[in-house]
Amino acid sequence: RRVHGDFSMEKGALSGEEMAKLNYMKVEDDTMPVFAMMTKSITKEGFPEIDGYIEHQEPQYIHMFPKAKVISLSYKASREEMKEIMLQTNGFIFPGGLCNIYEIVDGKKVESYYTTAGRQVIEIAIEINKSGTYYPVFSDCLGFELFAAVIGKDIGMVDKCEKCLNYNAVLQYTEDAKNSRLLKSLKPEHVSYLAKEKVNFNYHSYMVDYKKFMGNKELADFFNVIALSPSSDDSFQFVTLIEGKTYPFYAVQHHPEWCLHNFYSAELNIVHNKDTMEIAYEIGDFIVQEAKKNSHKFKSSTFVKESLVANARLYKHPYKGYIY
């Protein structure tokens with residue numbers, strides 16, 4: 001177990017010195033694609049004023065995408081500012097996290113700040129793709145739910161799920177799986193492995209029901225459903241893997257990246273083995289290759305260096321743990 005300052009780096013992760021070296025190499029390497037990742041709001045009395053945060057496990061996408069850079073984009077940014085950044089990045093990441101798609105106000109579901117900001121990003125990404133420029137978006141967990149609410153034009157697409165926390169499930173492939181761009185990038189034995197073994201880690205309090213998904217015309221027209229997963233008690237199915245039919249949009253409800261960290265957690269039932277870790281890297285490499293189809297370039301390498309998530313200051317938050 002490696003320790004850097006007061007932050008324990010789990011087995012398999014990089015030490016502070018190794019991360020610093022990797023970050024330096026990434027800043028100097030202009031051939032690496034750059035992804036933007038949106039921050040979330042933070043409100044806690046006595047905590048430093050910062051322009052949003054990213055939970056410390058989310059930059060594991062940096063490990064999952066070892067050949068890419070990841071910068072932060074504030075949820076507070078205006079649409080113009082978001083577009084300016086996106087026109088200089090090669091793709092976008094909506095990670096999981098402690099946030100809601102909607103809030104309950106006076107007994108009614110009201111769109112959250114995160115969904116409002118995320119909608120703008122998704123609309124801009126669609127505009128970029130419509131203009132003829134390839135711009136991939138990868139979403140996981142909360143990001144998956146964001147896709148469902150925004151593309152489906154209904155925050156009610158996302159339902160609470162008490163049977164979706166801290167367990168592993170198989171992937172139940174649909175007919176569209178045979179044409180999946182993402183699955184074709186994995187080793188054939190890994191595609192079979194995901195369907196046969198309970199290794200796909202789920203940790204989400206919300207989900208999108210399969211019948212409800214297919215009954216929403218906007219979602220059914222926009223995405224192919226590639227795979228479903230059963231709830232922890234096998235009482236229902238939810239959608240867990242989707243791909244855009246026209247645009248390079250990809251989303252998973254489960255967490256393929258969590259096997260790359262949390263090695264020492266006795267509470268999380270994550271499967272850490274050679275296959276799950278290889279699959280995580282294969283998915284990461286697929287998304288990186290998608291981003292390489294985009295030719296956007298940053299006007300300033302200094303801006304990229306200053307915005308790299310892994311270069312941000314690490315705080316210990318009273319209730320969210322370690323955050324950037």
# chains A, B, ... in the order shown; residues from 1 in each chain; ligands from 1
call {"tool": "select_by_dssp", "arguments": {"residues": "region 252-282 of chain A", "states": "helix (DSSP H, G or I)", "output": "list of chain:residue names"}}
result
A:Trp258, A:Cys259, A:Leu260, A:Lys274, A:Asp275, A:Thr276, A:Met277, A:Glu278, A:Ile279, A:Ala280, A:Tyr281, A:Glu282
call {"tool": "select_by_dssp", "arguments": {"residues": "region 89-309 of chain A", "states": "strand (DSSP E)", "output": "ChimeraX atom specification"}}
result
/A:91-94,102-105,108-111,137-140,159-160,165-169,172-173,200-203,206-207,223-230,237-244,249-252
call {"tool": "residues_around", "arguments": {"residues": "region 200-204 of chain A", "least_positions_apart": "3", "cutoff": "8 Å", "atoms": "only C-alpha atoms", "output": "MDAnalysis selection string"}}
result
chainID A and resid 141:142 161 164:171 194 207 253:256 258 269:271
call {"tool": "write_last_selection", "arguments": {"atoms": "C-alpha atoms", "output": "PDB file, in the first residue's frame"}}
result
ATOM      1  CA  CYS A 141     -23.353   5.530 -13.729  1.00  0.00           C
ATOM      2  CA  LEU A 142     -24.586   9.078 -13.000  1.00  0.00           C
ATOM      3  CA  CYS A 161     -33.240   1.332  -7.152  1.00  0.00           C
ATOM      4  CA  CYS A 164     -28.613  -1.977  -7.360  1.00  0.00           C
ATOM      5  CA  LEU A 165     -26.001  -1.332  -4.678  1.00  0.00           C
ATOM      6  CA  ASN A 166     -22.674  -3.058  -4.150  1.00  0.00           C
ATOM      7  CA  TYR A 167     -23.046  -6.280  -6.114  1.00  0.00           C
ATOM      8  CA  ASN A 168     -21.789  -7.887  -9.292  1.00  0.00           C
ATOM      9  CA  ALA A 169     -23.926  -8.989 -12.221  1.00  0.00           C
ATOM     10  CA  VAL A 170     -23.614 -10.508 -15.659  1.00  0.00           C
ATOM     11  CA  LEU A 171     -24.248  -8.572 -18.854  1.00  0.00           C
ATOM     12  CA  LEU A 194     -18.838 -10.563 -19.027  1.00  0.00           C
ATOM     13  CA  MET A 207     -31.507   3.009 -12.729  1.00  0.00           C
ATOM     14  CA  GLN A 253     -24.578   2.044 -15.738  1.00  0.00           C
ATOM     15  CA  HIS A 254     -22.084  -0.213 -13.955  1.00  0.00           C
ATOM     16  CA  HIS A 255     -18.461   0.585 -13.048  1.00  0.00           C
ATOM     17  CA  PRO A 256     -15.872  -1.180 -15.239  1.00  0.00           C
ATOM     18  CA  TRP A 258     -13.575   0.474 -10.170  1.00  0.00           C
ATOM     19  CA  ASN A 269     -17.647  -6.335  -3.483  1.00  0.00           C
ATOM     20  CA  ILE A 270     -15.465  -5.478  -6.477  1.00  0.00           C
ATOM     21  CA  VAL A 271     -13.874  -8.272  -8.488  1.00  0.00           C
TER      22      VAL A 271
END
call {"tool": "closest_residue", "arguments": {"among": "A:Lys160, A:Lys274, A:Lys67, A:Lys153", "to": "Asp209 (chain A)", "atoms": "only C-alpha atoms"}}
result
A:Lys160
call {"tool": "closest_residue", "arguments": {"among": "A:Phe213, A:Phe144, A:Tyr250, A:Phe298", "to": "Ile283 (chain A)", "atoms": "only C-alpha atoms"}}
result
A:Tyr250
call {"tool": "residues_around", "arguments": {"residues": "Asn100 (chain A)", "least_positions_apart": "4", "cutoff": "10 Å", "atoms": "only C-alpha atoms", "output": "PyMOL selection string"}}
result
chain A and resi 111-115+142+145-146+158+205-206
call {"tool": "write_last_selection", "arguments": {"atoms": "all heavy atoms", "output": "mmCIF file, in the first residue's frame"}}
result
data_model
loop_
_atom_site.group_PDB
_atom_site.id
_atom_site.type_symbol
_atom_site.label_atom_id
_atom_site.label_comp_id
_atom_site.auth_asym_id
_atom_site.auth_seq_id
_atom_site.Cartn_x
_atom_site.Cartn_y
_atom_site.Cartn_z
ATOM 1 N N GLU A 111 -35.551 19.312 -12.074
ATOM 2 C CA GLU A 111 -34.224 19.077 -12.645
ATOM 3 C C GLU A 111 -33.129 19.656 -11.754
ATOM 4 O O GLU A 111 -33.217 20.788 -11.295
ATOM 5 C CB GLU A 111 -34.172 19.712 -14.038
ATOM 6 C CG GLU A 111 -32.867 19.530 -14.777
ATOM 7 C CD GLU A 111 -32.944 20.086 -16.188
ATOM 8 O OE1 GLU A 111 -33.650 19.480 -17.020
ATOM 9 O OE2 GLU A 111 -32.328 21.138 -16.452
ATOM 10 N N SER A 112 -32.079 18.882 -11.507
ATOM 11 C CA SER A 112 -30.974 19.337 -10.677
ATOM 12 C C SER A 112 -30.036 20.248 -11.478
ATOM 13 O O SER A 112 -30.076 20.275 -12.709
ATOM 14 C CB SER A 112 -30.175 18.145 -10.150
ATOM 15 O OG SER A 112 -29.469 17.507 -11.213
ATOM 16 N N TYR A 113 -29.175 20.964 -10.763
ATOM 17 C CA TYR A 113 -28.190 21.834 -11.424
ATOM 18 C C TYR A 113 -27.296 21.003 -12.342
ATOM 19 O O TYR A 113 -26.872 21.454 -13.413
ATOM 20 C CB TYR A 113 -27.329 22.544 -10.372
ATOM 21 C CG TYR A 113 -26.252 21.657 -9.798
ATOM 22 C CD1 TYR A 113 -24.994 21.579 -10.398
ATOM 23 C CD2 TYR A 113 -26.504 20.839 -8.698
ATOM 24 C CE1 TYR A 113 -24.025 20.718 -9.905
ATOM 25 C CE2 TYR A 113 -25.548 19.992 -8.208
ATOM 26 C CZ TYR A 113 -24.304 19.930 -8.805
ATOM 27 O OH TYR A 113 -23.354 19.073 -8.339
ATOM 28 N N TYR A 114 -27.000 19.758 -11.937
ATOM 29 C CA TYR A 114 -26.104 18.903 -12.712
ATOM 30 C C TYR A 114 -26.734 18.538 -14.054
ATOM 31 O O TYR A 114 -26.059 18.532 -15.089
ATOM 32 C CB TYR A 114 -25.786 17.629 -11.922
ATOM 33 C CG TYR A 114 -24.746 16.758 -12.579
ATOM 34 C CD1 TYR A 114 -23.387 17.064 -12.492
ATOM 35 C CD2 TYR A 114 -25.112 15.630 -13.306
ATOM 36 C CE1 TYR A 114 -22.432 16.270 -13.091
ATOM 37 C CE2 TYR A 114 -24.157 14.826 -13.907
ATOM 38 C CZ TYR A 114 -22.817 15.154 -13.798
ATOM 39 O OH TYR A 114 -21.869 14.369 -14.408
ATOM 40 N N THR A 115 -28.014 18.233 -14.029
ATOM 41 C CA THR A 115 -28.718 17.896 -15.265
ATOM 42 C C THR A 115 -28.806 19.113 -16.178
ATOM 43 O O THR A 115 -28.651 18.993 -17.400
ATOM 44 C CB THR A 115 -30.129 17.368 -14.954
ATOM 45 O OG1 THR A 115 -30.018 16.215 -14.109
ATOM 46 C CG2 THR A 115 -30.869 16.988 -16.224
ATOM 47 N N LEU A 142 -23.841 7.817 -12.982
ATOM 48 C CA LEU A 142 -24.586 9.078 -13.000
ATOM 49 C C LEU A 142 -24.654 9.635 -14.419
ATOM 50 O O LEU A 142 -25.687 10.159 -14.844
ATOM 51 C CB LEU A 142 -23.918 10.091 -12.071
ATOM 52 C CG LEU A 142 -24.476 11.514 -12.089
ATOM 53 C CD1 LEU A 142 -25.920 11.537 -11.607
ATOM 54 C CD2 LEU A 142 -23.600 12.433 -11.242
ATOM 55 N N GLU A 145 -27.337 7.930 -16.382
ATOM 56 C CA GLU A 145 -28.655 8.446 -16.004
ATOM 57 C C GLU A 145 -28.900 9.825 -16.609
ATOM 58 O O GLU A 145 -30.030 10.160 -16.990
ATOM 59 C CB GLU A 145 -28.747 8.488 -14.477
ATOM 60 C CG GLU A 145 -28.699 7.102 -13.845
ATOM 61 C CD GLU A 145 -28.209 7.113 -12.400
ATOM 62 O OE1 GLU A 145 -28.142 8.210 -11.801
ATOM 63 O OE2 GLU A 145 -27.874 6.027 -11.877
ATOM 64 N N LEU A 146 -27.832 10.608 -16.728
ATOM 65 C CA LEU A 146 -27.931 11.930 -17.352
ATOM 66 C C LEU A 146 -28.342 11.795 -18.815
ATOM 67 O O LEU A 146 -29.228 12.525 -19.295
ATOM 68 C CB LEU A 146 -26.599 12.668 -17.241
ATOM 69 C CG LEU A 146 -26.529 14.056 -17.877
ATOM 70 C CD1 LEU A 146 -27.423 15.041 -17.128
ATOM 71 C CD2 LEU A 146 -25.085 14.563 -17.893
ATOM 72 N N VAL A 158 -35.457 8.194 -14.869
ATOM 73 C CA VAL A 158 -34.568 7.624 -13.853
ATOM 74 C C VAL A 158 -35.369 7.290 -12.601
ATOM 75 O O VAL A 158 -36.022 8.155 -12.031
ATOM 76 C CB VAL A 158 -33.440 8.618 -13.508
ATOM 77 C CG1 VAL A 158 -32.527 8.051 -12.447
ATOM 78 C CG2 VAL A 158 -32.652 8.974 -14.767
ATOM 79 N N SER A 205 -27.855 4.110 -6.935
ATOM 80 C CA SER A 205 -29.148 4.190 -6.237
ATOM 81 C C SER A 205 -30.302 4.455 -7.194
ATOM 82 O O SER A 205 -31.464 4.494 -6.777
ATOM 83 C CB SER A 205 -29.107 5.298 -5.180
ATOM 84 O OG SER A 205 -28.097 5.035 -4.238
ATOM 85 N N TYR A 206 -29.966 4.654 -8.470
ATOM 86 C CA TYR A 206 -30.979 4.903 -9.493
ATOM 87 C C TYR A 206 -30.692 4.018 -10.696
ATOM 88 O O TYR A 206 -29.575 3.519 -10.877
ATOM 89 C CB TYR A 206 -30.977 6.376 -9.914
ATOM 90 C CG TYR A 206 -31.399 7.322 -8.814
ATOM 91 C CD1 TYR A 206 -30.473 7.772 -7.877
ATOM 92 C CD2 TYR A 206 -32.718 7.758 -8.713
ATOM 93 C CE1 TYR A 206 -30.860 8.625 -6.851
ATOM 94 C CE2 TYR A 206 -33.110 8.624 -7.693
ATOM 95 C CZ TYR A 206 -32.174 9.050 -6.767
ATOM 96 O OH TYR A 206 -32.552 9.890 -5.753
#
call {"tool": "closest_residue", "arguments": {"among": "A:Thr39, A:Ser232, A:Ser301, A:Thr240", "to": "Ala148 (chain A)", "atoms": "only C-alpha atoms"}}
result
A:Thr240
call {"tool": "closest_residue", "arguments": {"among": "A:Val105, A:Gln88, A:Glu218, A:Met38", "to": "Lys299 (chain A)", "atoms": "only C-alpha atoms"}}
result
A:Gln88
call {"tool": "atom_distance", "arguments": {"atom1": "CA of Gly152 (chain A)", "atom2": "CA of Asp221 (chain A)"}}
result
9.8 Å
call {"tool": "closest_residue", "arguments": {"among": "A:Leu260, A:Ala291, A:Leu186, A:Val304", "to": "Tyr135 (chain A)", "atoms": "only C-alpha atoms"}}
result
A:Ala291
call {"tool": "atom_distance", "arguments": {"atom1": "CA of Cys99 (chain A)", "atom2": "CA of Lys40 (chain A)"}}
result
7.7 Å
call {"tool": "atom_distance", "arguments": {"atom1": "CA of Phe223 (chain A)", "atom2": "CA of Tyr210 (chain A)"}}
result
12.4 Å
call {"tool": "residues_around", "arguments": {"residues": "Ile279 (chain A)", "least_positions_apart": "6", "cutoff": "10 Å", "atoms": "only C-alpha atoms", "output": "count of residues only"}}
result
12
